[in-house]
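Source file: structure.json (JSON, C-alpha atoms)
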[["chain", "number", "residue", "atom", "x", "y", "z"],
["A", 1, "MET", "CA", 92.49, 79.38, 118.67],
["A", 2, "THR", "CA", 92.62, 82.72, 116.89],
["A", 3, "THR", "CA", 94.30, 83.27, 113.52],
["A", 4, "VAL", "CA", 95.49, 86.71, 112.42],
["A", 5, "TYR", "CA", 96.28, 87.26, 108.75],
["A", 6, "ALA", "CA", 98.20, 90.47, 108.01],
["A", 7, "ALA", "CA", 99.14, 91.43, 104.45],
["A", 8, "MET", "CA", 102.36, 93.41, 104.43],
["A", 9, "ARG", "CA", 104.00, 94.81, 101.30],
["A", 10, "ASN", "CA", 105.46, 91.50, 100.14],
["A", 11, "THR", "CA", 104.72, 89.12, 102.99],
["A", 12, "LEU", "CA", 101.62, 87.44, 104.34],
["A", 13, "LEU", "CA", 102.10, 87.22, 108.10],
["A", 14, "VAL", "CA", 100.04, 84.45, 109.71],
["A", 15, "ALA", "CA", 99.86, 84.45, 113.52],
["A", 16, "ARG", "CA", 98.05, 81.68, 115.39],
["A", 17, "GLY", "CA", 97.47, 81.22, 119.08],
["A", 18, "ASP", "CA", 95.87, 82.55, 122.22],
["A", 19, "ASP", "CA", 96.97, 83.84, 125.59],
["A", 20, "ASP", "CA", 96.93, 80.37, 127.15],
["A", 21, "SER", "CA", 98.89, 78.39, 124.56],
["A", 22, "GLY", "CA", 101.00, 81.27, 123.26],
["A", 23, "TRP", "CA", 101.42, 82.67, 119.76],
["A", 24, "ARG", "CA", 103.43, 81.49, 116.79],
["A", 25, "SER", "CA", 103.81, 83.19, 113.43],
["A", 26, "GLU", "CA", 104.74, 82.24, 109.86],
["A", 27, "ARG", "CA", 105.66, 84.31, 106.80],
["A", 28, "ARG", "CA", 104.38, 83.46, 103.36],
["A", 29, "LEU", "CA", 104.32, 84.88, 99.81],
["A", 30, "GLY", "CA", 107.62, 86.74, 99.94],
["A", 31, "GLU", "CA", 107.83, 87.04, 96.15],
["A", 32, "TYR", "CA", 104.57, 89.00, 95.56],
["A", 33, "ASP", "CA", 103.40, 92.61, 95.91],
["A", 34, "LEU", "CA", 100.36, 92.13, 98.16],
["A", 35, "GLN", "CA", 97.42, 94.54, 97.97],
["A", 36, "CYS", "CA", 94.46, 93.06, 99.83],
["A", 37, "LEU", "CA", 93.20, 90.12, 101.84],
["A", 38, "ALA", "CA", 89.90, 88.29, 102.40],
["A", 39, "VAL", "CA", 88.92, 85.36, 104.61],
["A", 40, "SER", "CA", 85.47, 84.09, 105.55],
["A", 41, "PRO", "CA", 84.82, 83.11, 109.18],
["A", 42, "GLU", "CA", 82.80, 80.22, 107.74],
["A", 43, "ALA", "CA", 85.90, 78.91, 105.92],
["A", 44, "PRO", "CA", 88.85, 80.27, 107.92],
["A", 45, "GLU", "CA", 91.48, 78.12, 106.18],
["A", 46, "ARG", "CA", 90.55, 79.51, 102.75],
["A", 47, "VAL", "CA", 92.53, 82.70, 102.22],
["A", 48, "PHE", "CA", 92.35, 85.05, 99.23],
["A", 49, "VAL", "CA", 95.17, 87.52, 98.56],
["A", 50, "GLY", "CA", 95.14, 90.14, 95.83],
["A", 51, "THR", "CA", 98.48, 90.99, 94.22],
["A", 52, "PHE", "CA", 99.62, 93.87, 92.04],
["A", 53, "GLU", "CA", 100.97, 91.87, 89.11],
["A", 54, "ASN", "CA", 99.88, 88.27, 89.67],
["A", 55, "GLY", "CA", 96.11, 88.43, 90.10],
["A", 56, "PRO", "CA", 94.30, 86.69, 92.94],
["A", 57, "LEU", "CA", 95.90, 83.91, 94.95],
["A", 58, "ARG", "CA", 94.04, 81.34, 97.04],
["A", 59, "SER", "CA", 95.10, 79.14, 99.92],
["A", 60, "ALA", "CA", 93.06, 76.17, 101.11],
["A", 61, "ASP", "CA", 95.29, 75.43, 104.10],
["A", 62, "GLY", "CA", 95.41, 78.61, 106.14],
["A", 63, "GLY", "CA", 98.13, 80.33, 104.13],
["A", 64, "ARG", "CA", 100.63, 77.48, 104.09],
["A", 65, "SER", "CA", 100.43, 77.15, 100.29],
["A", 66, "PHE", "CA", 98.85, 79.21, 97.51],
["A", 67, "GLU", "CA", 97.71, 78.89, 93.91],
["A", 68, "ARG", "CA", 96.69, 81.48, 91.37],
["A", 69, "VAL", "CA", 92.94, 81.45, 90.65],
["A", 70, "GLY", "CA", 92.32, 84.15, 88.07],
["A", 71, "ASP", "CA", 90.44, 82.26, 85.35],
["A", 72, "GLY", "CA", 88.09, 84.85, 83.86],
["A", 73, "ILE", "CA", 89.79, 87.94, 85.34],
["A", 74, "ASP", "CA", 91.26, 90.23, 82.67],
["A", 75, "ALA", "CA", 93.56, 92.23, 84.97],
["A", 76, "ASP", "CA", 96.65, 91.31, 86.98],
["A", 77, "ARG", "CA", 96.22, 94.05, 89.58],
["A", 78, "VAL", "CA", 93.76, 92.93, 92.26],
["A", 79, "MET", "CA", 93.29, 95.80, 94.71],
["A", 80, "SER", "CA", 90.31, 94.66, 96.82],
["A", 81, "ALA", "CA", 88.65, 91.40, 97.82],
["A", 82, "THR", "CA", 85.79, 90.21, 100.01],
["A", 83, "VAL", "CA", 83.87, 87.03, 100.76],
["A", 84, "SER", "CA", 80.09, 87.15, 100.98],
["A", 85, "PRO", "CA", 78.68, 87.01, 104.52],
["A", 86, "HIS", "CA", 75.83, 84.94, 103.06],
["A", 87, "ASP", "CA", 77.86, 82.34, 101.17],
["A", 88, "PRO", "CA", 81.55, 81.49, 101.76],
["A", 89, "GLU", "CA", 81.78, 80.24, 98.16],
["A", 90, "ALA", "CA", 80.90, 83.70, 96.79],
["A", 91, "VAL", "CA", 84.00, 85.90, 96.42],
["A", 92, "TRP", "CA", 84.28, 89.37, 94.89],
["A", 93, "VAL", "CA", 87.44, 91.18, 93.79],
["A", 94, "GLY", "CA", 88.14, 94.64, 92.41],
["A", 95, "THR", "CA", 90.95, 95.48, 90.02],
["A", 96, "GLU", "CA", 93.00, 98.23, 88.43],
["A", 97, "PRO", "CA", 91.80, 99.50, 85.98],
["A", 98, "SER", "CA", 88.46, 99.60, 87.77],
["A", 99, "ALA", "CA", 86.44, 96.44, 87.32],
["A", 100, "VAL", "CA", 84.64, 94.01, 89.62],
["A", 101, "TYR", "CA", 84.65, 90.22, 89.28],
["A", 102, "ARG", "CA", 82.60, 87.62, 91.12],
["A", 103, "SER", "CA", 83.21, 83.95, 91.77],
["A", 104, "ARG", "CA", 80.43, 81.59, 92.81],
["A", 105, "ASP", "CA", 82.74, 78.61, 93.38],
["A", 106, "ALA", "CA", 85.36, 79.89, 95.84],
["A", 107, "GLY", "CA", 87.62, 81.25, 93.12],
["A", 108, "ASP", "CA", 87.70, 78.39, 90.63],
["A", 109, "SER", "CA", 86.11, 80.62, 87.99],
["A", 110, "TRP", "CA", 85.16, 84.28, 87.72],
["A", 111, "GLU", "CA", 82.68, 86.45, 85.84],
["A", 112, "ARG", "CA", 82.88, 90.17, 85.26],
["A", 113, "VAL", "CA", 80.23, 92.31, 86.93],
["A", 114, "GLU", "CA", 79.21, 94.81, 84.28],
["A", 115, "GLY", "CA", 78.43, 98.49, 84.55],
["A", 116, "ILE", "CA", 81.18, 99.73, 86.85],
["A", 117, "THR", "CA", 82.80, 102.11, 84.36],
["A", 118, "ASP", "CA", 79.54, 103.06, 82.63],
["A", 119, "GLN", "CA", 78.88, 105.79, 85.19],
["A", 120, "PRO", "CA", 78.64, 109.44, 84.08],
["A", 121, "SER", "CA", 81.41, 110.49, 86.46],
["A", 122, "GLU", "CA", 83.93, 107.92, 85.17],
["A", 123, "PRO", "CA", 85.92, 110.49, 83.11],
["A", 124, "GLU", "CA", 86.69, 112.23, 86.42],
["A", 125, "TRP", "CA", 88.10, 109.14, 88.14],
["A", 126, "TYR", "CA", 91.87, 108.90, 88.68],
["A", 127, "PHE", "CA", 94.41, 107.52, 91.14],
["A", 128, "PRO", "CA", 96.85, 110.36, 92.00],
["A", 129, "PRO", "CA", 100.10, 108.29, 92.03],
["A", 130, "ARG", "CA", 99.12, 106.81, 88.65],
["A", 131, "PRO", "CA", 96.78, 109.53, 87.30],
["A", 132, "ASP", "CA", 96.09, 107.72, 84.03],
["A", 133, "THR", "CA", 94.17, 104.98, 85.85],
["A", 134, "HIS", "CA", 91.96, 104.23, 88.87],
["A", 135, "HIS", "CA", 90.89, 101.13, 90.77],
["A", 136, "VAL", "CA", 88.33, 99.49, 93.01],
["A", 137, "ARG", "CA", 89.70, 100.10, 96.49],
["A", 138, "TRP", "CA", 86.90, 98.42, 98.47],
["A", 139, "ILE", "CA", 83.92, 96.09, 98.02],
["A", 140, "GLU", "CA", 81.45, 95.75, 100.88],
["A", 141, "LEU", "CA", 78.57, 93.26, 100.81],
["A", 142, "ASP", "CA", 75.56, 94.04, 102.98],
["A", 143, "PRO", "CA", 75.07, 91.39, 105.71],
["A", 144, "HIS", "CA", 71.31, 92.03, 105.78],
["A", 145, "ASP", "CA", 70.59, 92.10, 102.05],
["A", 146, "PRO", "CA", 72.52, 89.71, 99.77],
["A", 147, "ARG", "CA", 71.68, 91.86, 96.76],
["A", 148, "ARG", "CA", 73.14, 95.11, 98.06],
["A", 149, "VAL", "CA", 76.77, 95.87, 97.18],
["A", 150, "TYR", "CA", 78.91, 98.93, 97.91],
["A", 151, "VAL", "CA", 81.99, 99.71, 95.79],
["A", 152, "GLY", "CA", 84.56, 102.41, 96.51],
["A", 153, "ILE", "CA", 86.55, 103.77, 93.56],
["A", 154, "GLU", "CA", 89.94, 105.28, 94.28],
["A", 155, "LEU", "CA", 89.54, 108.04, 93.36],
["A", 156, "GLY", "CA", 86.17, 109.12, 92.10],
["A", 157, "ALA", "CA", 82.95, 107.65, 93.43],
["A", 158, "LEU", "CA", 80.95, 105.42, 95.67],
["A", 159, "LEU", "CA", 78.77, 102.98, 93.72],
["A", 160, "VAL", "CA", 75.76, 101.14, 95.15],
["A", 161, "SER", "CA", 73.86, 98.21, 93.68],
["A", 162, "ASP", "CA", 70.55, 96.85, 94.96],
["A", 163, "ASP", "CA", 70.45, 93.89, 92.58],
["A", 164, "ALA", "CA", 73.78, 92.10, 93.18],
["A", 165, "GLY", "CA", 75.62, 94.13, 90.56],
["A", 166, "GLY", "CA", 72.97, 94.07, 87.84],
["A", 167, "THR", "CA", 72.69, 97.86, 87.92],
["A", 168, "TRP", "CA", 74.58, 100.61, 89.74],
["A", 169, "ARG", "CA", 73.94, 104.11, 91.01],
["A", 170, "GLU", "CA", 76.81, 106.47, 91.71],
["A", 171, "ARG", "CA", 77.65, 109.22, 94.15],
["A", 172, "PRO", "CA", 74.64, 109.16, 96.51],
["A", 173, "PRO", "CA", 74.08, 112.51, 98.26],
["A", 174, "GLY", "CA", 76.83, 113.17, 100.80],
["A", 175, "SER", "CA", 78.94, 110.17, 99.82],
["A", 176, "ARG", "CA", 82.70, 110.48, 99.72],
["A", 177, "ARG", "CA", 84.73, 110.44, 96.51],
["A", 178, "ASP", "CA", 87.88, 108.75, 97.83],
["A", 179, "ASN", "CA", 86.55, 105.78, 99.83],
["A", 180, "HIS", "CA", 89.42, 103.73, 101.25],
["A", 181, "SER", "CA", 87.37, 101.31, 103.33],
["A", 182, "LEU", "CA", 83.71, 100.64, 103.98],
["A", 183, "SER", "CA", 81.97, 98.69, 106.69],
["A", 184, "THR", "CA", 78.46, 97.62, 107.67],
["A", 185, "HIS", "CA", 77.00, 96.55, 111.00],
["A", 186, "PRO", "CA", 75.62, 93.06, 111.79],
["A", 187, "ASP", "CA", 72.82, 94.40, 114.02],
["A", 188, "ASP", "CA", 71.85, 97.66, 112.32],
["A", 189, "PRO", "CA", 70.38, 97.23, 108.82],
["A", 190, "GLY", "CA", 71.15, 100.19, 106.61],
["A", 191, "ARG", "CA", 74.16, 101.41, 108.60],
["A", 192, "VAL", "CA", 77.26, 101.90, 106.44],
["A", 193, "TYR", "CA", 80.55, 103.51, 107.47],
["A", 194, "SER", "CA", 83.16, 105.09, 105.18],
["A", 195, "ALA", "CA", 86.79, 106.01, 105.84],
["A", 196, "ALA", "CA", 87.87, 108.15, 102.91],
["A", 197, "GLY", "CA", 90.69, 110.39, 101.84],
["A", 198, "ASP", "CA", 88.20, 113.26, 101.83],
["A", 199, "GLY", "CA", 86.86, 112.47, 105.30],
["A", 200, "TYR", "CA", 84.57, 110.23, 107.33],
["A", 201, "ALA", "CA", 80.92, 109.55, 106.48],
["A", 202, "GLU", "CA", 78.01, 107.36, 107.58],
["A", 203, "SER", "CA", 74.77, 106.22, 106.01],
["A", 204, "HIS", "CA", 71.71, 105.05, 107.93],
["A", 205, "ASP", "CA", 69.62, 104.13, 104.90],
["A", 206, "GLY", "CA", 71.67, 101.59, 102.98],
["A", 207, "GLY", "CA", 73.82, 104.12, 101.17],
["A", 208, "GLU", "CA", 70.97, 106.30, 99.87],
["A", 209, "SER", "CA", 72.31, 109.35, 101.71],
["A", 210, "TRP", "CA", 75.35, 110.15, 103.85],
["A", 211, "THR", "CA", 76.23, 112.44, 106.74],
["A", 212, "HIS", "CA", 79.65, 113.72, 107.82],
["A", 213, "LEU", "CA", 80.04, 113.12, 111.56],
["A", 214, "GLN", "CA", 83.48, 114.65, 112.02],
["A", 215, "GLU", "CA", 83.46, 117.06, 114.94],
["A", 216, "GLY", "CA", 86.51, 116.19, 117.04],
["A", 217, "LEU", "CA", 88.11, 114.15, 114.26],
["A", 218, "ASP", "CA", 91.16, 116.34, 113.79],
["A", 219, "HIS", "CA", 92.85, 114.19, 111.12],
["A", 220, "ARG", "CA", 90.53, 113.58, 108.20],
["A", 221, "TYR", "CA", 92.51, 111.58, 105.70],
["A", 222, "CYS", "CA", 90.80, 108.40, 106.87],
["A", 223, "TRP", "CA", 92.00, 104.92, 105.99],
["A", 224, "SER", "CA", 90.45, 102.06, 107.97],
["A", 225, "VAL", "CA", 87.05, 101.95, 109.69],
["A", 226, "CYS", "CA", 85.87, 99.31, 112.16],
["A", 227, "PRO", "CA", 82.54, 99.53, 114.04],
["A", 228, "ASP", "CA", 81.96, 97.81, 117.36],
["A", 229, "PRO", "CA", 79.72, 94.76, 116.74],
["A", 230, "SER", "CA", 77.97, 95.36, 120.07],
["A", 231, "ASP", "CA", 77.19, 99.03, 119.44],
["A", 232, "PRO", "CA", 76.60, 100.56, 115.98],
["A", 233, "ASP", "CA", 77.29, 104.02, 117.37],
["A", 234, "ALA", "CA", 80.80, 103.05, 118.51],
["A", 235, "VAL", "CA", 83.46, 103.01, 115.80],
["A", 236, "LEU", "CA", 87.24, 103.15, 115.36],
["A", 237, "VAL", "CA", 88.96, 104.98, 112.50],
["A", 238, "SER", "CA", 92.61, 105.34, 111.56],
["A", 239, "SER", "CA", 93.56, 108.64, 109.98],
["A", 240, "ALA", "CA", 96.25, 111.19, 109.20],
["A", 241, "SER", "CA", 96.46, 114.69, 107.77],
["A", 242, "GLY", "CA", 97.24, 113.48, 104.26],
["A", 243, "ALA", "CA", 98.50, 110.64, 102.10],
["A", 244, "ARG", "CA", 102.20, 111.10, 102.83],
["A", 245, "SER", "CA", 101.75, 111.24, 106.60],
["A", 246, "ALA", "CA", 99.48, 108.19, 106.38],
["A", 247, "HIS", "CA", 101.53, 105.82, 104.25],
["A", 248, "SER", "CA", 105.22, 106.82, 104.22],
["A", 249, "PRO", "CA", 107.16, 105.62, 107.30],
["A", 250, "GLY", "CA", 109.77, 108.32, 106.82],
["A", 251, "SER", "CA", 107.20, 111.11, 107.23],
["A", 252, "ALA", "CA", 104.35, 109.23, 108.93],
["A", 253, "ASP", "CA", 102.17, 110.88, 111.54],
["A", 254, "SER", "CA", 98.93, 108.94, 111.98],
["A", 255, "TYR", "CA", 96.33, 108.32, 114.66],
["A", 256, "VAL", "CA", 93.44, 106.12, 115.72],
["A", 257, "TYR", "CA", 90.21, 107.72, 116.87],
["A", 258, "ARG", "CA", 87.19, 106.24, 118.62],
["A", 259, "ARG", "CA", 83.68, 107.63, 118.56],
["A", 260, "ARG", "CA", 81.28, 106.84, 121.38],
["A", 261, "ASP", "CA", 78.17, 108.76, 122.38],
["A", 262, "GLY", "CA", 78.66, 111.00, 119.36],
["A", 263, "ILE", "CA", 82.11, 112.18, 120.44],
["A", 264, "TRP", "CA", 85.43, 111.47, 118.72],
["A", 265, "GLU", "CA", 88.50, 110.98, 120.92],
["A", 266, "ARG", "CA", 92.09, 110.33, 119.92],
["A", 267, "LEU", "CA", 93.38, 107.14, 121.56],
["A", 268, "HIS", "CA", 96.60, 108.54, 122.99],
["A", 269, "ASP", "CA", 98.71, 106.61, 125.50],
["A", 270, "ARG", "CA", 96.58, 103.46, 125.38],
["A", 271, "GLY", "CA", 99.32, 101.04, 124.29],
["A", 272, "LEU", "CA", 98.71, 101.49, 120.55],
["A", 273, "PRO", "CA", 101.57, 103.41, 118.87],
["A", 274, "MET", "CA", 100.54, 106.47, 116.92],
["A", 275, "GLY", "CA", 101.87, 109.87, 116.00],
["A", 276, "GLU", "CA", 105.27, 110.61, 114.47],
["A", 277, "GLY", "CA", 106.82, 107.68, 112.61],
["A", 278, "VAL", "CA", 103.70, 105.51, 112.73],
["A", 279, "VAL", "CA", 101.77, 104.73, 109.53],
["A", 280, "ARG", "CA", 97.98, 104.54, 109.45],
["A", 281, "ALA", "CA", 96.66, 101.38, 111.05],
["A", 282, "VAL", "CA", 94.56, 98.70, 109.43],
["A", 283, "LEU", "CA", 91.77, 97.67, 111.81],
["A", 284, "ALA", "CA", 89.75, 94.49, 112.33],
["A", 285, "VAL", "CA", 87.42, 93.02, 114.93],
["A", 286, "HIS", "CA", 86.88, 89.43, 116.07],
["A", 287, "GLU", "CA", 84.64, 88.13, 118.84],
["A", 288, "GLY", "CA", 84.31, 91.58, 120.32],
["A", 289, "GLU", "CA", 88.03, 92.34, 120.35],
["A", 290, "PHE", "CA", 89.66, 94.98, 118.17],
["A", 291, "TYR", "CA", 92.93, 94.38, 116.31],
["A", 292, "ALA", "CA", 95.26, 96.87, 114.64],
["A", 293, "ALA", "CA", 98.31, 96.53, 112.42],
["A", 294, "ASN", "CA", 100.76, 99.33, 111.73],
["A", 295, "ASN", "CA", 104.50, 99.45, 111.12],
["A", 296, "ARG", "CA", 105.17, 98.87, 114.84],
["A", 297, "GLY", "CA", 103.39, 95.52, 115.14],
["A", 298, "LEU", "CA", 100.07, 93.77, 115.68],
["A", 299, "PHE", "CA", 97.95, 94.99, 118.58],
["A", 300, "ARG", "CA", 94.77, 93.87, 120.32],
["A", 301, "SER", "CA", 92.22, 95.60, 122.53],
["A", 302, "GLU", "CA", 89.85, 93.57, 124.70],
["A", 303, "ASP", "CA", 87.96, 96.59, 126.02],
["A", 304, "GLY", "CA", 86.67, 98.45, 123.00],
["A", 305, "GLY", "CA", 89.87, 100.38, 122.34],
["A", 306, "GLU", "CA", 90.36, 101.61, 125.90],
["A", 307, "SER", "CA", 93.71, 99.80, 126.16],
["A", 308, "TRP", "CA", 95.91, 97.87, 123.72],
["A", 309, "ALA", "CA", 98.61, 95.20, 123.96],
["A", 310, "ARG", "CA", 101.07, 94.10, 121.31],
["A", 311, "LEU", "CA", 100.75, 90.48, 120.25],
["A", 312, "PRO", "CA", 103.93, 88.58, 121.23],
["A", 313, "ILE", "CA", 105.11, 87.67, 117.73],
["A", 314, "ASP", "CA", 108.30, 88.46, 115.84],
["A", 315, "TRP", "CA", 108.11, 91.80, 114.03],
["A", 316, "SER", "CA", 111.02, 92.33, 111.70],
["A", 317, "GLU", "CA", 112.89, 95.55, 111.03],
["A", 318, "GLU", "CA", 111.66, 95.29, 107.45],
["A", 319, "PHE", "CA", 108.04, 95.61, 108.62],
["A", 320, "GLU", "CA", 108.97, 98.84, 110.44],
["A", 321, "ARG", "CA", 109.40, 100.42, 106.99],
["A", 322, "GLN", "CA", 106.06, 99.24, 105.57],
["A", 323, "ALA", "CA", 102.39, 100.17, 105.68],
["A", 324, "PRO", "CA", 100.17, 97.08, 106.16],
["A", 325, "ARG", "CA", 97.82, 96.33, 103.25],
["A", 326, "GLY", "CA", 95.18, 94.19, 104.94],
["A", 327, "LEU", "CA", 94.15, 92.55, 108.22],
["A", 328, "VAL", "CA", 91.68, 89.73, 108.91],
["A", 329, "VAL", "CA", 91.15, 87.89, 112.19],
["A", 330, "VAL", "CA", 89.21, 84.61, 112.41]]

For this file, write the structure as structure tokens.
Amino acid sequence: MTTVYAAMRNTLLVARGDDDSGWRSERRLGEYDLQCLAVSPEAPERVFVGTFENGPLRSADGGRSFERVGDGIDADRVMSATVSPHDPEAVWVGTEPSAVYRSRDAGDSWERVEGITDQPSEPEWYFPPRPDTHHVRWIELDPHDPRRVYVGIELGALLVSDDAGGTWRERPPGSRRDNHSLSTHPDDPGRVYSAAGDGYAESHDGGESWTHLQEGLDHRYCWSVCPDPSDPDAVLVSSASGARSAHSPGSADSYVYRRRDGIWERLHDRGLPMGEGVVRAVLAVHEGEFYAANNRGLFRSEDGGESWARLPIDWSEEFERQAPRGLVVV
């Protein structure tokens, strides 16, 4: 059985099922402003949700019930979360104002990871809708090196640590400033992908340097990036021309692109809604299948993005007016 967790603006949508037994969905957490989502494949019933005013929440039963687990976190706004690919008990979250916290006991207690705001460029960091602050938009843990950590600040810098957060270096050559999501590849050590407000970028040396592979990518306000586990040179990206056309349903105009053999193509007419009225998708992959969530529903591709089908679950009119915040499939 497959479980899809989708964080909407104030609802956690949990869909369980498969094509043989059918799909059923539940809605949880209607009273919170959800920001991010993290689940480990090694512990698929343990769900972490970051909220804007109520810190991190944890479920031990697949999203059926939640508790707040913020002991040691000094901020209520949790904007990013991830579970270590090396240890399902190790959880990292990023907050607004920018700070990173780590738990070694599945969220029971947290410690602050120092050094994030000690970078020389920190005075230049800001989040445009709230220009007096900034936040950690993404934390990516390297699947090949448990000590390497990538942190995206919205807006201002990419930070890289080679000693599990003991020290940090900022803005490697070619790195983006407005990283919205980062991804690594399970079979290609050193490969890192970035979808950023200032464009797409890749690293082949563990974040030391970055290149901008964008020819054919006509919309370069990038939001979600998802490489193909079977091919590190194949990747999906959701993008738009700018923030308003990415996030606001009333003026949305967003797209999903796929790169294969060094060429970007826009995935028109493949069963995945895009274009006018469609917000930027959040992407995920599970067992070789791609998933996407936008304001039109949850979609799945079994052939690398060549074709898409909507999952047969209830999608309310309220969701049509929202931009999904997170998507995990286990």

At a cut-off of 6 Å, can you tabulate as a Markdown table every residue of region 12-81 of chain A near region 86-99 of chain A together with its closest atom pair and the distance in Å to one decimal, using all atoms listed in the file and ordering rows by chain then number?
| residue | atom | partner | partner_atom | distance |
| --- | --- | --- | --- | --- |
| A:Arg77 | CA | A:Glu96 | CA | 5.4 |
| A:Val78 | CA | A:Thr95 | CA | 4.4 |
| A:Met79 | CA | A:Thr95 | CA | 5.3 |
| A:Ser80 | CA | A:Gly94 | CA | 4.9 |
| A:Ala81 | CA | A:Val93 | CA | 4.2 |

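Shortest separation to Cys226 (chain A) among A:Ala38, A:Val328, A:Ala60, A:Val83 occurs at residue A:Val328, atoms counted being all atoms listed in the file.
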
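Put simply, CA of Asp188 (chain A) is 12.1 Å away from CA of Ala234 (chain A).
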
Which of these residues is nearest to Val329 (chain A), using all atoms listed in the file: A:Phe127, A:Tyr193, A:Trp264, A:Phe299?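 Closest residue, counting all atoms listed in the file: A:Phe299.
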
Within 6 Å of (86.8, 98.4, 95.2) in the file's own coordinates, which protein, DNA or RNA residues have an atom, counting all atoms listed in the file? List them as a PDB file with C-alpha atoms, keeping the file's coordinate frame.
ATOM      1  CA  SER A  80      90.310  94.660  96.820  1.00  0.00           C
ATOM      2  CA  GLY A  94      88.140  94.640  92.410  1.00  0.00           C
ATOM      3  CA  VAL A 136      88.330  99.490  93.010  1.00  0.00           C
ATOM      4  CA  ARG A 137      89.700 100.100  96.490  1.00  0.00           C
ATOM      5  CA  TRP A 138      86.900  98.420  98.470  1.00  0.00           C
ATOM      6  CA  ILE A 139      83.920  96.090  98.020  1.00  0.00           C
ATOM      7  CA  VAL A 151      81.990  99.710  95.790  1.00  0.00           C
ATOM      8  CA  GLY A 152      84.560 102.410  96.510  1.00  0.00           C
ATOM      9  CA  ILE A 153      86.550 103.770  93.560  1.00  0.00           C
TER      10      ILE A 153
END

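Atom pair CA of Asp178 (chain A) / CA of Gln119 (chain A) has a distance of 15.8 Å (rounded to one decimal).
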
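Counting from CA of Glu26 (chain A), the distance to CA of Ala281 (chain A) is 20.8 Å.
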
Please provide as a PyMOL selection string all residues within 9 Å of region 247-254 of chain A, with the sequence filter that same-chain residues fewer than 3 positions apart are discarded (counting all atoms listed in the file). chain A and resi 219+238-244+274-281+295+320-323

Mind listing as JSON, numbers by chain all residues within 7 Å of (94.0, 84.4, 111.7), counting only C-alpha atoms? {"A": [2, 3, 4, 5, 14, 15, 16, 328, 329, 330]}

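Compared by their closest atoms to Asp145 (chain A), and using all atoms listed in the file, the residues A:Gly190, A:Pro172, A:Gly107, A:Gly62 rank with A:Gly190 nearest.
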
Surrounding residues of Arg258 (chain A) excluding itself and chain neighbours under 2 positions, 7 Å, only C-alpha atoms, as an mmCIF file with C-alpha atoms, keeping the file's coordinate frame:
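Writing the result to around23.cif gives the following:
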data_model
loop_
_atom_site.group_PDB
_atom_site.id
_atom_site.type_symbol
_atom_site.label_atom_id
_atom_site.label_comp_id
_atom_site.auth_asym_id
_atom_site.auth_seq_id
_atom_site.Cartn_x
_atom_site.Cartn_y
_atom_site.Cartn_z
ATOM 1 C CA VAL A 235 83.460 103.010 115.800
ATOM 2 C CA LEU A 236 87.240 103.150 115.360
ATOM 3 C CA VAL A 237 88.960 104.980 112.500
ATOM 4 C CA VAL A 256 93.440 106.120 115.720
ATOM 5 C CA ARG A 260 81.280 106.840 121.380
ATOM 6 C CA TRP A 264 85.430 111.470 118.720
ATOM 7 C CA GLU A 265 88.500 110.980 120.920
ATOM 8 C CA ARG A 266 92.090 110.330 119.920
ATOM 9 C CA LEU A 267 93.380 107.140 121.560
#

Write out as a ChimeraX atom specification the residues lying within 9 Å of region 305-319 of chain A, counting all atoms listed in the file and excluding same-chain residues fewer than 6 positions away. /A:8-9,15,22-25,236,258,267,269-272,289-291,294-299

Neighbouring residues of Thr211 (chain A) were defined as those with any atom within 12 Å, considering all atoms listed in the file; residues of the same chain fewer than 2 positions away were excluded. Please report them as an MDAnalysis selection string. chainID A and resid 172:176 191:194 199:205 207:209 213:215

Hey, can you spit out that residue selection with C-alpha atoms as a PDB file, in the frame of the given file?
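Result file is selection_3.pdb:
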ATOM      1  CA  PRO A 172      74.640 109.160  96.510  1.00  0.00           C
ATOM      2  CA  PRO A 173      74.080 112.510  98.260  1.00  0.00           C
ATOM      3  CA  GLY A 174      76.830 113.170 100.800  1.00  0.00           C
ATOM      4  CA  SER A 175      78.940 110.170  99.820  1.00  0.00           C
ATOM      5  CA  ARG A 176      82.700 110.480  99.720  1.00  0.00           C
ATOM      6  CA  ARG A 191      74.160 101.410 108.600  1.00  0.00           C
ATOM      7  CA  VAL A 192      77.260 101.900 106.440  1.00  0.00           C
ATOM      8  CA  TYR A 193      80.550 103.510 107.470  1.00  0.00           C
ATOM      9  CA  SER A 194      83.160 105.090 105.180  1.00  0.00           C
ATOM     10  CA  GLY A 199      86.860 112.470 105.300  1.00  0.00           C
ATOM     11  CA  TYR A 200      84.570 110.230 107.330  1.00  0.00           C
ATOM     12  CA  ALA A 201      80.920 109.550 106.480  1.00  0.00           C
ATOM     13  CA  GLU A 202      78.010 107.360 107.580  1.00  0.00           C
ATOM     14  CA  SER A 203      74.770 106.220 106.010  1.00  0.00           C
ATOM     15  CA  HIS A 204      71.710 105.050 107.930  1.00  0.00           C
ATOM     16  CA  ASP A 205      69.620 104.130 104.900  1.00  0.00           C
ATOM     17  CA  GLY A 207      73.820 104.120 101.170  1.00  0.00           C
ATOM     18  CA  GLU A 208      70.970 106.300  99.870  1.00  0.00           C
ATOM     19  CA  SER A 209      72.310 109.350 101.710  1.00  0.00           C
ATOM     20  CA  LEU A 213      80.040 113.120 111.560  1.00  0.00           C
ATOM     21  CA  GLN A 214      83.480 114.650 112.020  1.00  0.00           C
ATOM     22  CA  GLU A 215      83.460 117.060 114.940  1.00  0.00           C
TER      23      GLU A 215
END

From the list A:Gly206, A:Ala196, A:Ala157, A:Asp303, which residue is nearest Asp228 (chain A) when using only C-alpha atoms?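 Looking at the shortest contact to Asp228 (chain A), the residue is A:Asp303.
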
For Asp142 (chain A), please output as JSON, numbers by chain all residues within 9 Å (counting only C-alpha atoms; exclusion window: fewer than 4 positions along the same chain). {"A": [84, 85, 146, 147, 148, 149, 150, 183, 184, 185, 186, 189, 190, 192, 206]}
